[in-house]
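See structure below.
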Amino acid sequence: MVSTTSCAVADRVIGPGHPLFFIAEIGLNHNQDLDLARELIDVAARAGCSAAKFQTFRAEDVYVEGKRAGTYHLMGQEIPIFDLHKELEMSEEWVRLLKSHCDKRDIIFFSAPIGAHALAILTKVNTPALKISSYELTNLPFVREVANVAPAIILSTGAANLGEIEEAIQVIQQAGCPLAIMHCVTEYPAPLHHANLAAMGTMRSAFGLPTGFSNNGFRLPDGQIDKLQVPLAAAAAGADLFEIHITTDRNLPGPDHGFATEPEELRQMVLVMNTLRTDYNAGGRPEVDPVLWGSASKRTLDSEVYVRDFAFKGLFAIADIAQGERLTAENIRALRPGEGMQGIAPKYLEILLGKTARTSISAWDPITWDSLLG
């Protein structure tokens, strides 16, 4: 077995023998309300969380333009996905104010950037860590950009296979950036038997990195959102870090409130998980429910294919490209396709720059091998 390293984020160390690094995922649940964002930071701090995490982006760096992105089908909702992201963009002023509020509450602020614009904002305020979301994991040029400037990276691995995870880890390690990784299920929410917590051990053995679990919500057989079962099992299984969406009220409007954790639930969760972590570090190995333990295989689940097809990035034209015109950093970009056709994987960006288009390509159309090769 590969020995596991540790990863420092600000004054906290993540890894074997260290306390659980608990991430309150605020994400999009601020609903573009600064007071609500601050309140959620307060909720996380009072519960004893290690960090409060947000998402920083411009919509045009996330999805193809407007209606082409399509509609996201989530928990019975039909959400125009580009418009949603446009409404929930986080300004540089917000980032500065929220980091300041986290500093006052003695909780670590960090965020998941999407695109160079967001990365520049977060770098400017000296964010102590950056998150690479599951949907950016295969966007290797951007992973490299983040790794070159981040003090530390937390990498989520939902819907990815071991080979894809290894590629991203190699890029980050080549930059010399400290790293922790998280198993994740990109299903919102998922049934209990999809938790597959054994995959954490597979990833820890394969990569020798601090390994944890990013919890996107699990639905109990009675239809309610799980409050403790999966989180406690993750701690019992040795998660070095843990992330969960939080809200002040699951009835609030917005795509992620319905499967998030409310304040009192969060307080209880942190308390019990910290106790389990202390026992684990002392050598305790409580049994984990086989339903939650699952298989040691780390792969794309059938239930994750929809989100993967919708949100893993490909290369797209962002301006009309004439037949015979060269591909440049100004006319193509890695974007999520939404309900449209997927473009060439971003990892091929560097070899495509400078190539000429065999056919004309309209703005927001995917870059395909057919459009480049005769």
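FYI, nothing fancy with the structure tokens labels: chains A, B, ... in order, residues from 1 per chain, ligands from 1 as they appear.
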
Practice problem: Fewer than 3 positions away in the same chain doesn't count, so skip those; otherwise give me all residues within 10 Å of Arg12 (chain A), counting only C-alpha atoms, as a ChimeraX atom specification. | Solution: /A:7-9,15,18-21,50-51,108

Quiz item: Counting only C-alpha atoms, what is within 7 Å of region 52-68 of chain A, bar same-chain residues fewer than 6 positions away, as an MDAnalysis selection string?
Solution: chainID A and resid 23:28 41 44 82:83 85:86 89:90 107:115 118 335:338 340 364

Written selection (C-alpha atoms) as an mmCIF file, in the first residue's frame:
```cif
data_model
loop_
_atom_site.group_PDB
_atom_site.id
_atom_site.type_symbol
_atom_site.label_atom_id
_atom_site.label_comp_id
_atom_site.auth_asym_id
_atom_site.auth_seq_id
_atom_site.Cartn_x
_atom_site.Cartn_y
_atom_site.Cartn_z
ATOM 1 C CA ILE A 23 -16.198 21.674 4.546
ATOM 2 C CA ALA A 24 -19.544 23.477 4.587
ATOM 3 C CA GLU A 25 -20.458 23.722 0.896
ATOM 4 C CA ILE A 26 -22.419 26.972 0.562
ATOM 5 C CA GLY A 27 -21.953 26.886 -3.194
ATOM 6 C CA LEU A 28 -24.936 28.486 -4.923
ATOM 7 C CA ILE A 41 -20.896 31.313 7.013
ATOM 8 C CA ALA A 44 -20.877 26.812 9.431
ATOM 9 C CA PHE A 82 -27.330 29.260 -18.306
ATOM 10 C CA ASP A 83 -29.759 31.791 -16.827
ATOM 11 C CA HIS A 85 -25.609 30.608 -13.461
ATOM 12 C CA LYS A 86 -25.868 34.156 -14.794
ATOM 13 C CA GLU A 89 -22.324 34.948 -10.450
ATOM 14 C CA MET A 90 -20.080 36.100 -7.609
ATOM 15 C CA ILE A 107 -13.280 29.685 9.478
ATOM 16 C CA ILE A 108 -11.325 29.069 6.266
ATOM 17 C CA PHE A 109 -12.736 30.632 3.104
ATOM 18 C CA PHE A 110 -12.162 28.912 -0.198
ATOM 19 C CA SER A 111 -13.942 28.455 -3.507
ATOM 20 C CA ALA A 112 -14.143 26.444 -6.709
ATOM 21 C CA PRO A 113 -13.155 28.715 -9.619
ATOM 22 C CA ILE A 114 -14.424 28.154 -13.137
ATOM 23 C CA GLY A 115 -12.407 30.003 -15.759
ATOM 24 C CA ALA A 118 -12.648 33.554 -11.410
ATOM 25 C CA LEU A 335 -17.418 24.739 -21.791
ATOM 26 C CA ARG A 336 -20.110 22.478 -20.399
ATOM 27 C CA PRO A 337 -22.382 21.370 -23.264
ATOM 28 C CA GLY A 338 -25.642 21.240 -21.331
ATOM 29 C CA GLY A 340 -26.078 19.946 -26.654
ATOM 30 C CA TRP A 364 -21.237 27.979 -29.633
#
```

Exercise. Determine which residues of region 173-344 of chain A DSSP labels as strand (DSSP E) from the backbone of this structure, then write them out as a ChimeraX atom specification.
Key: /A:179-184,190-191,211-215,218-219,241-245,314-317,332-335

Quiz item: When distances are computed from only C-alpha atoms, which of A:Thr157, A:Ala37, A:Asn139, A:Gln224 shows the smallest separation from Ile344 (chain A)?
Solution: A:Asn139

Quiz prompt | Contact residues around Trp369 (chain A) with only C-alpha atoms at 12 Å, ignoring same-chain residues under 5 positions, as a VMD selection string | solution = chain A and resid 315 to 316 342 to 345 348 352 355 to 359 361 374

Resulting file, chosen residues, C-alpha atoms, as a CSV table (one decimal), in the first residue's frame:
```
chain,number,residue,atom,x,y,z
A,315,LEU,CA,-14.1,22.5,-26.6
A,316,PHE,CA,-16.5,24.9,-28.3
A,342,GLN,CA,-20.1,17.4,-26.7
A,343,GLY,CA,-16.9,18.9,-28.1
A,344,ILE,CA,-13.4,17.4,-28.2
A,345,ALA,CA,-12.0,16.9,-24.7
A,348,TYR,CA,-6.3,18.1,-26.5
A,352,LEU,CA,-5.5,21.9,-31.5
A,355,LYS,CA,-4.9,24.0,-36.5
A,356,THR,CA,-7.2,25.2,-39.3
A,357,ALA,CA,-10.9,24.5,-39.6
A,358,ARG,CA,-11.8,22.2,-42.5
A,359,THR,CA,-15.4,23.5,-42.4
A,361,ILE,CA,-17.9,26.5,-37.4
A,374,GLY,CA,-10.3,15.9,-44.0
```

Practice problem: Check region 48-182 of chain A with DSSP on the backbone and list each residue it calls helix (DSSP H, G or I), as a PyMOL selection string. | Solution: chain A and resi 59-61+66-69+81-87+92-104+116-124+134-136+140-149+162-174

Practice problem: Take CA of His194 (chain A) and CA of Ile14 (chain A) and report the distance between them in Å, one decimal. | Solution: 25.5 Å

Find the residues of region 178-258 of chain A that sit at most 10 Å from region 122-136 of chain A; for each, write down the nearest two atoms and how far apart they are in Å, to one decimal. Count only C-alpha atoms. Sort by chain, then by number going up, and give it as JSON lines.
```
{"residue": "A:Pro178", "atom": "CA", "partner": "A:Ala129", "partner_atom": "CA", "distance": 9.3}
{"residue": "A:Leu179", "atom": "CA", "partner": "A:Ala129", "partner_atom": "CA", "distance": 9.5}
{"residue": "A:Ala180", "atom": "CA", "partner": "A:Lys131", "partner_atom": "CA", "distance": 9.7}
{"residue": "A:Ile181", "atom": "CA", "partner": "A:Ile132", "partner_atom": "CA", "distance": 9.6}
{"residue": "A:Met182", "atom": "CA", "partner": "A:Ser134", "partner_atom": "CA", "distance": 9.4}
{"residue": "A:His183", "atom": "CA", "partner": "A:Ser134", "partner_atom": "CA", "distance": 9.5}
{"residue": "A:Cys184", "atom": "CA", "partner": "A:Ser134", "partner_atom": "CA", "distance": 8.0}
{"residue": "A:Val185", "atom": "CA", "partner": "A:Ser134", "partner_atom": "CA", "distance": 9.4}
{"residue": "A:Thr186", "atom": "CA", "partner": "A:Ser134", "partner_atom": "CA", "distance": 8.2}
```
